[in-house]
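Notes follow once the structure below has been shown.
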Number of protein chains: 2
Amino acid sequence: MRVFGDTASGNCYKVWLLLSLLGKAHEWVAVDILKGETRSPEFLARNANGKIPLLEYAPGAYLAESNAILHYLAEGSAYLPSDRLAHAQVLQWMFFEQYSHEPYIATLRFYLRYLKDPKGHRAEIDKRRGPGYAALGVMERHLADAPFFVGDVVSIADIALYAYTHVAHEGGFSLDDFPAIRAWLARFAALPGYLPMPHRPE
Amino acid sequence: MRVFGDTASGNCYKVWLLLSLLGKAHEWVAVDILKGETRSPEFLARNANGKIPLLEYAPGAYLAESNAILHYLAEGSAYLPSDRLAHAQVLQWMFFEQYSHEPYIATLRFYLRYLKDPKGHRAEIDKRRGPGYAALGVMERHLADAPFFVGDVVSIADIALYAYTHVAHEGGFSLDDFPAIRAWLARFAALPGYLPMPHRPE
């Protein structure tokens with residue numbers, strides 16, 4: 001099994017982290033978005049949508065979308081409940097992550113940490129601040145009464161949301177007003193097999 | 001079972017359509033986004049994220065996110081394969097829909113069809129045109145060799161992608177250069193139990 005990715009990308013880190021929690025051997029193929037490596041003809045032949053992470057689950061056969069990869073890898077493990085409702089609730093939080101969280105929390109981190117000229121994106125940055133805090137508010141409200149996102153155990157919903165939430169400060173978000181999120185981040189980082197996100201040099 | 005939604009919204013139509021294909025009885029509770037009804041205290045108590053569709057699967061118990069609702073309703077039916085890989089492929093296309101398709105194809109339809117002053121959003125509209133066509137390109141490439149998105153039968157991945165693709169022209173997208181998408185739309189609309197999307201008056 002090979003994974004094409006960049007561990008400093010939250011979407012890729014999700015997959016790397018789950019593989020560590022599951023203790024699954026794999027080969028990691030480093031792909032650099034900033035150098036345009038996801039837009040090369042070779043990469044587009046693997047994933048027409050030109051995005052990482054990408055799982056090569058069998059030679060020449062690929063699965064895209066970080067949260068679909070998590071689902072594939074977690075099936076049959078404790079990280080994906082088999083109960084019909086709990087399964088759908090895990091997916092509810094994963095779709096929330098991709099639609100209401102990632103485009104704000106992750107995109108601001110990308111603008112502020114990786115772009116050479118974040119000032120050129122000031123209007124875009126300002127526009128994404130409110131929805132990012134709104135997503136954190138939805139998480140805070142849920143975690144006020146629950147240790148994890150679905151049921152009492154960690155699932156791929158937590159992995160999906162942890163990836164960019166724990167580095168939200170790199171996009172200029174403060175978690176000062178989100179004590180339940182901070183407690184959840186600490187619970188998550190104490191899991192056996194947990195690996196911190198590797199950072200690119202500043 | 002009750003569904004809170006607006007059938008002229010593609011995300012809500014997905015749920016309405018699957019319920020029809022499955023022949024499942026339900027109560028539809030009309031919610032009008034344009035009147036702010038998803039931001040009322042009553043609605044936010046049901047879904048803190050303030051979005052429709054919302055499934056009340058048991059009295060007072062709710063499931064959000066259109067694609068998670070499709071998954072919940074389809075489990076055990078022919079619309080959701082139980083094979084591990086096919087299941088993940090269905091989710092791959094559903095995450096693609098929410099991340100790479102809906103924010104462009106659906107948002108432009110919303111701007112151009114429902115906003116009173118689309119001109120005020122001209123820059124935003126122009127910015128979303130390219131990624132919308134890119135998403136259609138990814139779909140076209142896949143459908144050139146396949147009757148549906150996963151395997152040889154229709155699944156909730158097709159339902160998720162059909163919802164906004166078949167009304168893409170309302171957002172100013174032309175399908176003239178996408179013959180495989182047009183053929184897939186026609187195959188989909190011929191399914192037994194198919195219901196067209198109800199339209200708000202112009």
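By convention in this document, the chains of the structure tokens carry letters A, B, ... by their order, each chain's residues are numbered from 1, and ligands are numbered from 1 in the order they are shown.
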Per residue of segment 90-139 of chain A within 12 Å of segment 23-41 of chain A, record the nearest atom pair and its distance in Å to one decimal, counting only C-alpha atoms, with rows in chain order and ascending residue number, as a Markdown table.
| residue | atom | partner | partner_atom | distance |
| --- | --- | --- | --- | --- |
| A:Phe110 | CA | A:Leu34 | CA | 10.5 |
| A:Tyr111 | CA | A:Leu34 | CA | 11.9 |
| A:Arg113 | CA | A:Leu34 | CA | 12.0 |
| A:Tyr114 | CA | A:Leu34 | CA | 8.3 |
| A:Leu115 | CA | A:Leu34 | CA | 9.1 |
| A:Lys116 | CA | A:Leu34 | CA | 11.0 |
Q: Please run DSSP on the backbone and report, as a PyMOL selection string, all residues within segment 31-162 of chain B that come out as helix (DSSP H, G or I).
A: chain B and resi 33-35+37-39+41-46+66-74+84-114+118-143+156-162
Q: Pick out the chain B residues within 9 Å of chain A. Count only C-alpha atoms. Give them as a count of residues only.
A: 35
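Going from atom CA of Ile156 of chain B over to atom CA of Lys51 of chain B, you cover 20.1 Å.
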Q) Can you list, as a PyMOL selection string, every protein, DNA or RNA residue that comes within 10 Å of His199 of chain B when you count only C-alpha atoms, leaving out same-chain residues fewer than 4 positions away? A) chain B and resi 7-9
If you keep all heavy atoms, can you produce a file of those selected residues as an mmCIF file, in the first residue's frame?
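Printed below is again-v2.cif as written:
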data_model
loop_
_atom_site.group_PDB
_atom_site.id
_atom_site.type_symbol
_atom_site.label_atom_id
_atom_site.label_comp_id
_atom_site.auth_asym_id
_atom_site.auth_seq_id
_atom_site.Cartn_x
_atom_site.Cartn_y
_atom_site.Cartn_z
ATOM 1 N N THR B 7 -37.129 21.683 -1.406
ATOM 2 C CA THR B 7 -36.850 20.808 -2.551
ATOM 3 C C THR B 7 -36.215 21.525 -3.734
ATOM 4 O O THR B 7 -35.714 20.879 -4.649
ATOM 5 C CB THR B 7 -38.142 20.105 -3.041
ATOM 6 O OG1 THR B 7 -39.170 21.078 -3.124
ATOM 7 C CG2 THR B 7 -38.548 18.985 -2.110
ATOM 8 N N ALA B 8 -36.209 22.874 -3.725
ATOM 9 C CA ALA B 8 -35.522 23.598 -4.804
ATOM 10 C C ALA B 8 -34.030 23.735 -4.508
ATOM 11 O O ALA B 8 -33.269 24.228 -5.336
ATOM 12 C CB ALA B 8 -36.142 24.977 -5.017
ATOM 13 N N SER B 9 -33.598 23.301 -3.314
ATOM 14 C CA SER B 9 -32.172 23.227 -2.980
ATOM 15 C C SER B 9 -31.684 21.843 -3.384
ATOM 16 O O SER B 9 -32.289 20.827 -3.024
ATOM 17 C CB SER B 9 -31.976 23.429 -1.467
ATOM 18 O OG SER B 9 -30.989 22.542 -0.964
#
Q. In terms of the shortest atom-to-atom distance over only C-alpha atoms, which of B:Asp126, B:Arg46, B:Leu17, B:Pro81 is closest to Asp152 of chain B?
A. B:Pro81
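The interatomic distance for the pair atom CA of Phe173 of chain B and atom CA of His121 of chain B works out to 16.5 Å.
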Q: Calculate how many Å separate atom CA of His166 of chain B from atom CA of Arg182 of chain B, rounding to one decimal.
A: 8.6 Å
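Every residue of segment 52-178 of chain A with a DSSP assignment of strand (DSSP E or B), taken from the backbone, is listed as Leu54, Leu55, Glu56, Tyr57, Ala58, Ala61, Tyr62, Leu63 and Ala64 of chain A.
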Q) Of the residues B:Leu136, B:Ser155, B:Ile125, B:Asp117, which is the one nearest to Ser82 of chain B, using only C-alpha atoms? A)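 Among the listed residues, the smallest separation from Ser82 of chain B belongs to B:Ser155.
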